[in-house]
$ cat target-v1.txt   # compact mmCIF, C-alpha atoms
# COMPACT_ATOMS: atom_id res chain seq x y z
CA MET C 1 48.91 203.62 -5.81
CA SER C 2 46.45 203.33 -8.65
CA MET C 3 47.40 203.98 -12.22
CA ILE C 4 45.43 207.23 -12.16
CA GLY C 5 47.26 208.21 -8.98
CA ASN C 6 50.61 207.44 -10.61
CA MET C 7 49.70 209.52 -13.66
CA ALA C 8 48.58 212.41 -11.46
CA LEU C 9 51.84 212.28 -9.52
CA ALA C 10 53.87 212.11 -12.72
CA THR C 11 51.94 215.02 -14.18
CA ALA C 12 52.44 217.04 -11.01
CA LEU C 13 56.18 216.31 -11.04
CA LEU C 14 56.38 217.19 -14.71
CA VAL C 15 54.49 220.43 -14.20
CA SER C 16 56.61 221.37 -11.19
CA GLY C 17 59.71 220.48 -13.16
CA VAL C 18 58.70 222.61 -16.10
CA GLY C 19 57.72 225.36 -13.68
CA SER C 20 61.14 225.44 -12.05
CA ALA C 21 62.84 225.36 -15.44
CA LEU C 22 60.95 228.43 -16.56
CA ALA C 23 60.98 230.47 -13.41
CA ALA C 24 64.56 231.68 -13.22
CA THR C 25 65.74 233.38 -10.08
CA GLU C 26 68.11 236.29 -9.81
CA ALA C 27 70.80 233.78 -8.83
CA ASP C 28 70.14 231.79 -12.01
CA TYR C 29 70.50 234.97 -14.05
CA LYS C 30 73.71 235.97 -12.28
CA ALA C 31 75.25 232.54 -12.87
CA ALA C 32 74.25 232.62 -16.56
CA LEU C 33 75.57 236.17 -16.93
CA ALA C 34 78.91 235.28 -15.33
CA ALA C 35 79.31 232.35 -17.73
CA ALA C 36 78.40 234.55 -20.71
CA GLU C 37 80.76 237.34 -19.69
CA SER C 38 83.58 234.89 -19.12
CA ALA C 39 83.12 233.43 -22.61
CA GLU C 40 82.90 236.90 -24.15
CA LYS C 41 86.13 237.86 -22.39
CA ASP C 42 87.81 234.89 -24.07
CA ALA C 43 86.36 235.99 -27.42
CA ALA C 44 87.80 239.47 -26.84
CA THR C 45 91.22 237.97 -26.15
CA LEU C 46 90.94 236.27 -29.54
CA ARG C 47 89.92 239.66 -31.06
CA ASN C 48 86.68 238.16 -32.29
CA ARG C 49 83.67 239.50 -30.45
CA TRP C 50 80.32 239.51 -32.25
CA THR C 51 77.92 242.44 -32.16
CA LYS C 52 75.02 240.05 -31.52
CA THR C 53 76.70 238.72 -28.37
CA GLU C 54 77.11 242.27 -27.08
CA SER C 55 73.50 243.22 -27.80
CA THR C 56 72.23 239.98 -26.24
CA LEU C 57 74.29 240.64 -23.10
CA ALA C 58 72.83 244.15 -22.98
CA ALA C 59 69.32 242.69 -23.35
CA ALA C 60 69.99 240.31 -20.46
CA LYS C 61 71.05 243.18 -18.20
CA LYS C 62 68.09 245.29 -19.24
CA ALA C 63 65.64 242.46 -18.49
CA ALA C 64 67.30 241.86 -15.10
CA ALA C 65 67.05 245.54 -14.25
CA ALA C 66 63.32 245.32 -14.98
CA GLY C 67 63.05 242.29 -12.69
CA ASP C 68 62.32 239.81 -15.51
CA PHE C 69 64.81 237.10 -14.55
CA ASP C 70 63.30 234.53 -16.93
CA ALA C 71 64.08 236.73 -19.91
CA ALA C 72 67.38 237.86 -18.36
CA ALA C 73 68.63 234.31 -17.80
CA ALA C 74 67.48 233.23 -21.26
CA SER C 75 69.32 236.13 -22.90
CA ALA C 76 72.45 235.48 -20.85
CA ARG C 77 72.44 231.82 -21.90
CA GLU C 78 71.99 232.86 -25.53
CA ALA C 79 74.88 235.31 -25.17
CA GLU C 80 77.09 232.57 -23.79
CA ALA C 81 76.22 230.31 -26.74
CA LEU C 82 77.01 233.15 -29.18
CA ALA C 83 80.31 233.92 -27.45
CA LYS C 84 81.28 230.26 -27.57
CA ALA C 85 80.46 230.17 -31.28
CA SER C 86 82.72 233.18 -31.88
CA ILE C 87 85.51 231.44 -29.95
CA LEU C 88 85.05 228.34 -32.07
CA GLN C 89 85.18 230.47 -35.22
CA ALA C 90 88.37 232.25 -34.15
CA THR C 91 90.03 229.00 -33.13
CA SER C 92 89.06 227.26 -36.34
CA GLU C 93 90.15 230.20 -38.49
CA LYS C 94 93.67 230.11 -37.07
CA THR C 95 94.40 227.52 -39.74
CA HIS C 96 91.37 227.60 -42.03
CA TRP C 97 91.95 231.14 -43.30
CA LYS C 98 94.51 229.65 -45.64
CA ASP C 99 91.73 227.79 -47.48
CA MET C 100 90.58 231.11 -48.93
CA GLU C 101 94.01 232.45 -49.83
CA ILE C 102 94.76 233.30 -53.45
CA ARG C 103 97.84 231.31 -54.42
CA MET Z 1 122.88 188.81 -38.73
CA ARG Z 2 121.40 190.72 -35.83
CA VAL Z 3 123.71 193.73 -36.47
CA ARG Z 4 122.78 193.62 -40.14
CA THR Z 5 119.11 193.71 -39.23
CA ILE Z 6 119.69 196.68 -36.94
CA LEU Z 7 121.68 198.49 -39.63
CA LEU Z 8 118.96 197.84 -42.18
CA THR Z 9 116.34 199.08 -39.74
CA VAL Z 10 118.35 202.25 -39.04
CA ALA Z 11 118.87 202.82 -42.77
CA ALA Z 12 115.18 202.36 -43.41
CA ALA Z 13 114.35 204.72 -40.57
CA LEU Z 14 116.77 207.35 -41.88
CA SER Z 15 115.44 207.13 -45.41
CA THR Z 16 111.89 207.37 -44.07
CA ALA Z 17 112.91 210.40 -42.02
CA ALA Z 18 114.61 211.96 -45.03
CA LEU Z 19 111.51 211.31 -47.11
CA ALA Z 20 109.34 212.81 -44.39
CA CYS Z 21 111.60 215.89 -44.26
CA PHE Z 22 111.41 216.24 -48.03
CA ALA Z 23 107.66 215.82 -47.95
CA ALA Z 24 107.36 218.34 -45.14
CA SER Z 25 109.47 220.88 -46.97
CA ALA Z 26 107.46 220.30 -50.12
CA ILE Z 27 104.24 220.88 -48.23
CA ALA Z 28 105.64 223.77 -46.21
CA ALA Z 29 107.01 225.56 -49.27
CA PRO Z 30 103.77 227.29 -50.27
CA ASP Z 31 103.44 228.65 -46.71
CA THR Z 32 106.81 230.36 -46.77
CA PRO Z 33 105.98 234.07 -46.93
CA ASP Z 34 106.53 235.35 -50.43
CA PRO Z 35 104.91 238.75 -50.97
CA VAL Z 36 106.14 238.97 -54.57
CA ALA Z 37 104.43 235.68 -55.44
CA ASP Z 38 101.33 236.76 -53.49
CA ALA Z 39 101.06 240.01 -55.45
CA LYS Z 40 101.48 238.16 -58.73
CA ALA Z 41 98.83 235.58 -57.82
CA PHE Z 42 96.49 238.29 -56.53
CA ARG Z 43 96.71 240.23 -59.77
CA LYS Z 44 96.31 237.09 -61.88
CA TYR Z 45 93.18 236.08 -59.97
CA PHE Z 46 91.45 239.36 -60.76
CA THR Z 47 92.68 239.75 -64.32
CA ASP Z 48 91.58 236.18 -65.06
CA LYS Z 49 88.22 236.76 -63.41
CA PHE Z 50 87.64 240.07 -65.21
CA PRO Z 51 89.54 239.78 -68.50
CA LYS Z 52 87.84 242.85 -69.98
CA VAL Z 53 88.91 245.17 -67.16
CA LYS Z 54 92.17 247.02 -67.71
CA LEU Z 55 94.64 246.47 -64.88
CA GLU Z 56 94.83 250.15 -63.91
CA ASP Z 57 91.04 250.37 -63.89
CA PHE Z 58 90.60 248.02 -60.89
CA VAL Z 59 91.28 251.01 -58.62
CA ASN Z 60 87.89 252.37 -59.66
CA GLY Z 61 86.12 249.54 -57.85
CA PRO Z 62 82.59 248.78 -58.99
CA TYR Z 63 82.85 251.31 -61.82
CA SER Z 64 85.45 249.13 -63.50
CA MET Z 65 83.01 246.26 -63.87
CA ASN Z 66 79.55 247.69 -64.35
CA GLU Z 67 78.91 249.79 -67.44
CA ASP Z 68 75.80 251.58 -66.17
CA MET Z 69 77.46 252.56 -62.92
CA ARG Z 70 80.52 253.71 -64.84
CA LYS Z 71 78.46 256.09 -66.97
CA GLN Z 72 76.82 257.59 -63.88
CA TRP Z 73 80.19 257.92 -62.16
CA LYS Z 74 81.76 259.68 -65.15
CA GLU Z 75 78.98 262.25 -65.05
CA LYS Z 76 79.28 262.62 -61.29
CA GLU Z 77 83.01 263.23 -61.60
CA GLU Z 78 82.30 266.52 -63.36
CA PHE Z 79 81.13 267.89 -60.01
CA PRO Z 80 82.45 265.23 -57.63
CA PRO Z 81 80.84 264.89 -54.22
CA TYR Z 82 84.26 264.91 -52.52
CA GLU Z 83 85.07 268.39 -53.85
CA PHE Z 84 84.12 270.16 -50.61
CA ALA Z 85 86.35 267.79 -48.65
CA LEU Z 86 89.20 268.49 -51.06
CA ASP Z 87 88.88 272.24 -50.56
CA ALA Z 88 88.67 271.83 -46.79
CA GLY Z 89 91.64 269.46 -46.80
CA LYS Z 90 93.78 271.85 -48.82
CA GLU Z 91 93.02 274.67 -46.40
CA MET Z 92 93.71 272.50 -43.36
CA PHE Z 93 96.93 271.25 -44.89
CA SER Z 94 98.39 274.71 -45.36
CA LYS Z 95 97.09 276.31 -42.14
CA PRO Z 96 99.94 276.55 -39.60
CA PHE Z 97 99.70 274.84 -36.22
CA LYS Z 98 99.90 276.97 -33.07
CA ASP Z 99 103.68 276.52 -33.10
CA GLY Z 100 103.88 277.92 -36.63
CA LYS Z 101 104.74 274.64 -38.32
CA THR Z 102 102.53 272.85 -40.86
CA TYR Z 103 101.94 269.30 -42.08
CA ALA Z 104 104.54 269.97 -44.74
CA ASP Z 105 107.19 269.95 -41.99
CA CYS Z 106 106.29 266.38 -40.99
CA PHE Z 107 106.33 264.63 -44.36
CA PRO Z 108 108.79 263.93 -47.15
CA ASN Z 109 108.42 266.29 -50.12
CA GLY Z 110 106.36 268.63 -47.98
CA GLY Z 111 103.54 266.06 -47.94
CA ILE Z 112 102.74 266.55 -51.63
CA GLY Z 113 102.51 263.52 -53.94
CA ILE Z 114 103.44 260.95 -51.29
CA ARG Z 115 100.20 258.99 -50.76
CA GLN Z 116 101.54 256.08 -52.83
CA ASN Z 117 104.25 255.40 -50.21
CA TYR Z 118 101.77 254.79 -47.36
CA PRO Z 119 101.56 252.69 -45.34
CA TYR Z 120 105.24 252.03 -44.77
CA PHE Z 121 107.07 249.83 -42.30
CA ASP Z 122 109.00 251.83 -39.71
CA GLU Z 123 112.08 249.80 -38.81
CA LYS Z 124 112.80 251.89 -35.72
CA GLU Z 125 109.37 251.26 -34.27
CA GLY Z 126 108.93 247.84 -35.79
CA LYS Z 127 105.39 248.67 -36.92
CA VAL Z 128 103.35 249.73 -39.93
CA ILE Z 129 102.69 253.46 -40.18
CA THR Z 130 99.62 254.52 -42.13
CA LEU Z 131 99.02 257.99 -43.54
CA GLU Z 132 96.23 258.60 -41.02
CA LEU Z 133 98.49 257.62 -38.14
CA ALA Z 134 101.33 259.80 -39.48
CA ILE Z 135 98.97 262.78 -39.72
CA ASN Z 136 97.90 262.43 -36.10
CA ARG Z 137 101.48 261.95 -34.95
CA CYS Z 138 102.38 265.15 -36.80
CA ARG Z 139 99.57 266.96 -35.03
CA GLU Z 140 100.55 265.67 -31.60
CA ALA Z 141 104.24 266.46 -32.18
CA ASN Z 142 103.21 270.04 -32.83
CA GLY Z 143 100.96 270.39 -29.80
CA GLU Z 144 97.65 269.76 -31.55
CA ALA Z 145 94.96 267.30 -30.50
CA PRO Z 146 94.69 264.24 -32.77
CA TYR Z 147 91.75 263.95 -35.13
CA SER Z 148 89.20 261.17 -34.93
CA TYR Z 149 90.22 258.44 -37.36
CA VAL Z 150 86.69 258.03 -38.65
CA LYS Z 151 85.47 261.59 -39.04
CA ASP Z 152 85.50 264.38 -41.60
CA GLU Z 153 88.71 266.25 -40.71
CA MET Z 154 90.90 263.19 -41.24
CA ALA Z 155 88.98 262.30 -44.42
CA SER Z 156 89.43 265.81 -45.81
CA LEU Z 157 93.16 265.92 -45.11
CA THR Z 158 93.84 262.49 -46.58
CA ALA Z 159 91.58 263.34 -49.54
CA TYR Z 160 93.76 266.34 -50.36
CA MET Z 161 96.98 264.37 -49.90
CA ALA Z 162 95.66 261.55 -52.09
CA PHE Z 163 94.60 264.04 -54.73
CA THR Z 164 98.15 265.40 -54.97
CA SER Z 165 99.26 261.83 -55.71
CA ARG Z 166 96.65 260.89 -58.29
CA GLY Z 167 98.01 258.69 -61.03
CA LYS Z 168 101.20 257.84 -59.15
CA PRO Z 169 101.71 254.08 -58.89
CA MET Z 170 101.33 252.54 -55.44
CA ASP Z 171 104.84 251.88 -54.17
CA ILE Z 172 104.88 249.96 -50.90
CA LYS Z 173 108.14 248.46 -49.68
CA ILE Z 174 108.69 245.48 -47.44
CA PRO Z 175 112.15 246.04 -45.97
CA ASN Z 176 114.48 243.17 -45.23
CA ASP Z 177 113.26 242.93 -41.65
CA PRO Z 178 111.46 239.86 -40.29
CA ARG Z 179 109.06 242.15 -38.42
CA ALA Z 180 107.99 243.77 -41.70
CA LEU Z 181 107.31 240.38 -43.23
CA ALA Z 182 105.43 239.37 -40.07
CA ALA Z 183 103.28 242.51 -40.32
CA TYR Z 184 102.54 241.74 -43.97
CA GLU Z 185 101.63 238.15 -43.10
CA ASN Z 186 99.45 239.33 -40.23
CA GLY Z 187 97.61 241.63 -42.62
CA LYS Z 188 97.14 238.80 -45.08
CA ARG Z 189 95.82 236.52 -42.34
CA TYR Z 190 93.40 239.23 -41.23
CA PHE Z 191 92.16 239.72 -44.79
CA TYR Z 192 91.31 236.05 -45.29
CA THR Z 193 90.03 235.26 -41.77
CA ARG Z 194 86.30 234.79 -41.35
CA ARG Z 195 84.77 236.78 -38.50
CA GLY Z 196 81.48 238.02 -37.16
CA GLN Z 197 78.19 236.21 -36.84
CA LEU Z 198 77.81 236.19 -40.62
CA ASN Z 199 81.10 234.27 -40.91
CA PHE Z 200 82.53 236.55 -43.60
CA SER Z 201 86.12 237.45 -44.26
CA CYS Z 202 87.18 240.55 -46.22
CA ALA Z 203 87.88 238.10 -49.05
CA SER Z 204 84.33 236.69 -48.96
CA CYS Z 205 83.08 239.96 -50.45
CA HIS Z 206 86.08 241.45 -52.19
CA VAL Z 207 87.64 238.30 -53.69
CA GLN Z 208 85.01 235.57 -53.97
CA SER Z 209 82.10 237.92 -54.71
CA ALA Z 210 83.83 240.89 -56.35
CA GLY Z 211 81.63 242.28 -59.11
CA GLU Z 212 78.53 240.60 -57.67
CA HIS Z 213 75.60 242.51 -56.26
CA ILE Z 214 74.99 242.73 -52.55
CA ARG Z 215 71.53 244.21 -52.54
CA ALA Z 216 71.84 247.30 -54.80
CA GLU Z 217 75.62 247.60 -54.51
CA VAL Z 218 78.33 246.04 -56.65
CA LEU Z 219 81.16 244.68 -54.53
CA ALA Z 220 84.54 246.22 -55.30
CA PRO Z 221 87.48 243.97 -56.15
CA ALA Z 222 90.19 243.79 -53.47
CA LEU Z 223 92.84 244.59 -56.06
CA GLY Z 224 93.46 248.33 -55.82
CA ILE Z 225 90.79 248.86 -53.19
CA MET Z 226 93.11 251.02 -51.04
CA ASN Z 227 94.14 253.19 -53.99
CA ALA Z 228 90.75 254.95 -54.03
CA LEU Z 229 90.66 255.87 -50.35
CA PRO Z 230 89.45 258.02 -48.76
CA ILE Z 231 86.04 257.90 -50.39
CA TYR Z 232 82.80 259.79 -50.48
CA ARG Z 233 79.98 257.33 -49.95
CA SER Z 234 76.43 258.24 -50.77
CA GLU Z 235 75.39 255.58 -48.24
CA TRP Z 236 77.24 257.55 -45.54
CA GLY Z 237 76.24 260.93 -46.91
CA GLY Z 238 79.83 262.05 -46.54
CA MET Z 239 83.51 261.22 -46.66
CA GLY Z 240 85.04 258.16 -45.07
CA THR Z 241 88.60 257.39 -44.08
CA THR Z 242 90.37 254.06 -44.49
CA SER Z 243 89.74 253.45 -40.79
CA ARG Z 244 86.03 254.09 -41.24
CA ARG Z 245 85.93 251.69 -44.19
CA LEU Z 246 87.52 248.88 -42.15
CA VAL Z 247 85.36 249.53 -39.09
CA SER Z 248 82.15 249.54 -41.12
CA CYS Z 249 83.15 246.39 -43.02
CA ASN Z 250 83.59 244.60 -39.69
CA SER Z 251 80.24 245.85 -38.39
CA GLN Z 252 78.50 244.67 -41.54
CA THR Z 253 79.63 241.11 -40.83
CA ARG Z 254 78.37 241.54 -37.24
CA ALA Z 255 81.86 241.54 -35.80
CA VAL Z 256 82.71 244.08 -33.12
CA PRO Z 257 85.16 246.39 -34.92
CA LEU Z 258 88.68 246.75 -33.59
CA GLU Z 259 89.95 250.13 -32.49
CA PRO Z 260 90.99 252.31 -35.46
CA GLN Z 261 94.70 252.02 -36.21
CA SER Z 262 94.98 248.76 -34.28
CA ASP Z 263 97.85 246.55 -35.46
CA GLU Z 264 95.46 244.36 -37.45
CA TYR Z 265 93.96 247.27 -39.39
CA ARG Z 266 97.38 248.78 -40.07
CA ASP Z 267 98.70 245.42 -41.23
CA VAL Z 268 95.75 244.63 -43.51
CA GLU Z 269 96.19 248.06 -45.12
CA TYR Z 270 99.88 247.21 -45.60
CA PHE Z 271 99.00 243.86 -47.24
CA LEU Z 272 96.31 245.27 -49.53
CA SER Z 273 98.45 248.23 -50.56
CA TYR Z 274 101.47 246.03 -51.27
CA VAL Z 275 99.55 243.67 -53.56
CA ALA Z 276 98.30 246.76 -55.45
CA ASN Z 277 101.82 248.02 -56.13
CA GLY Z 278 102.05 249.61 -59.56
CA LEU Z 279 98.35 250.48 -59.74
CA PRO Z 280 97.61 254.22 -59.76
CA ILE Z 281 96.34 256.22 -56.81
CA SER Z 282 92.76 257.22 -57.65
CA GLY Z 283 91.67 258.72 -54.35
CA PRO Z 284 89.68 260.45 -53.23
CA GLY Z 285 87.03 258.21 -54.69
CA SER Z 286 83.27 258.21 -54.62
CA ARG Z 287 81.04 255.22 -54.20
CA PRO Z 288 77.28 254.67 -53.97
$ encode --input "target-v1.txt" --output "structure tokens"
Amino acid sequence: MSMIGNMALATALLVSGVGSALAATEADYKAALAAAESAEKDAATLRNRWTKTESTLAAAKKAAAAGDFDAAAASAREAEALAKASILQATSEKTHWKDMEIR
Amino acid sequence: MRVRTILLTVAAALSTAALACFAASAIAAPDTPDPVADAKAFRKYFTDKFPKVKLEDFVNGPYSMNEDMRKQWKEKEEFPPYEFALDAGKEMFSKPFKDGKTYADCFPNGGIGIRQNYPYFDEKEGKVITLELAINRCREANGEAPYSYVKDEMASLTAYMAFTSRGKPMDIKIPNDPRALAAYENGKRYFYTRRGQLNFSCASCHVQSAGEHIRAEVLAPALGIMNALPIYRSEWGGMGTTSRRLVSCNSQTRAVPLEPQSDEYRDVEYFLSYVANGLPISGPGSRP
């Protein structure tokens, strides 16, 4: 295959790759939502949910209800990241709260 | 020779272990719960930070540390915005329940002049009992529906009860019960723990930044902060209970608030009230 042919194939693969990364399916959304809700459940167990995680989860569900699975999956992934950050905060603070204590 | 070497090794190991134990106890010592030392250190922190503020004045929050605000507050106190709540609370307090009893039947001294003793640790239940919780338990015991912990009725009742205790020094006891000490420690941990997306603890605002501006507001010092509750807040356009104050503080840091009267909220109220022992009750208060 010529160099131009190789470049065309590579470009086509790249474009198709990007395309599949952007076009989320309902299944992608559901998987992302399940992961986010699982992380948020752990945050709740630690008594440390964040309001932003809750509103981002709500945004994901709203986008899914409107059939926009790209936005829904993106919001669900963001919610999972936020929930994981709140878990990290709660875990870290189990000992670090003492740093702020007046002694 | 071999035995001697073993003996020397054992002796060295024992002395190392003893040293390690000593070191551990030396390090662990500051973590041993000591509410008396905590209260002393807490008071010292604020009196050192604000040497011009009289100790008993810390209960007046931002008005103790900002002269302009203090002048406005003094003028406002001539016709205080919590006056309507006080009148309503007095009426509610004396109105009999359906069974003919009143709040006076549920509280020591008929419920008058007792605010300074709340919250207390109930050794039967093994938990902290706040004034708001005790009021709702009184209602339920007499066949009445409990009040919302964040709405006007509870604020009015506690405003009246606080008013009858004005000037009395906060007097919170930690009984000789490991559960009481655990509740105090849990409250302390909650107070200093960072939470929410903004990564703030209660102490971020009310210890580290007390007296500083957050937008147009001056942050109240944590010392004596419970003594002024409940409060009328211009920002809320009405009265707020202790529960409402804690819930809204959590929301402001973008943390999902806990349920009112959860163990954590009861315990943090216990901690903050204990370290303010001796400071006068100033509630109901008013804040911008």
$ interface_residues --input "target-v1.txt" --of "chain C" --to "chain Z" --cutoff "10 Å" --atoms "all atoms listed in the file" --output "ChimeraX atom specification"
/C:44,47-54,82-83,85-86,89-90,92-103
$ closest_residue --input "target-v1.txt" --among "C:Ala63, C:Ile87, C:Ala71, C:Ala27" --to "Thr45 in chain C" --atoms "only C-alpha atoms"
C:Ile87
$ atom_distance --input "target-v1.txt" --atom1 "CA of Lys52 in chain Z" --atom2 "CA of Phe200 in chain Z"
27.6 Å
$ residues_around --input "target-v1.txt" --residues "range 117-123 of chain Z" --least-positions-apart "2" --cutoff "9 Å" --atoms "all atoms listed in the file" --output "VMD selection string"
chain Z and resid 114 to 115 125 to 131 170 to 175 177 179 to 180 183 266 to 267 269 to 270 273 to 274
$ atom_distance --input "target-v1.txt" --atom1 "CA of Asn60 in chain Z" --atom2 "CA of Ser282 in chain Z"
7.2 Å
$ atom_distance --input "target-v1.txt" --atom1 "CA of Leu33 in chain C" --atom2 "CA of Glu259 in chain Z"
25.4 Å
$ closest_residue --input "target-v1.txt" --among "C:Thr56, C:Glu26, C:Ala65, C:Ala43" --to "Arg77 in chain C" --atoms "all atoms listed in the file"
C:Thr56
$ residues_around --input "target-v1.txt" --residues "Ala31 in chain C" --least-positions-apart "4" --cutoff "12 Å" --atoms "all atoms listed in the file" --output "ChimeraX atom specification"
/C:24-27,35-38,69,72-74,76-77,80
$ residues_around --input "target-v1.txt" --residues "range 142-145 of chain Z" --least-positions-apart "6" --cutoff "9 Å" --atoms "only C-alpha atoms" --output "list of chain:residue names"
Z:Phe97, Z:Lys98, Z:Asp99, Z:Gly100, Z:Lys101, Z:Thr102, Z:Asn136
$ closest_residue --input "target-v1.txt" --among "C:Leu88, C:Ala23, C:Ala34, C:Leu57" --to "Asp70 in chain C" --atoms "all atoms listed in the file"
C:Ala23
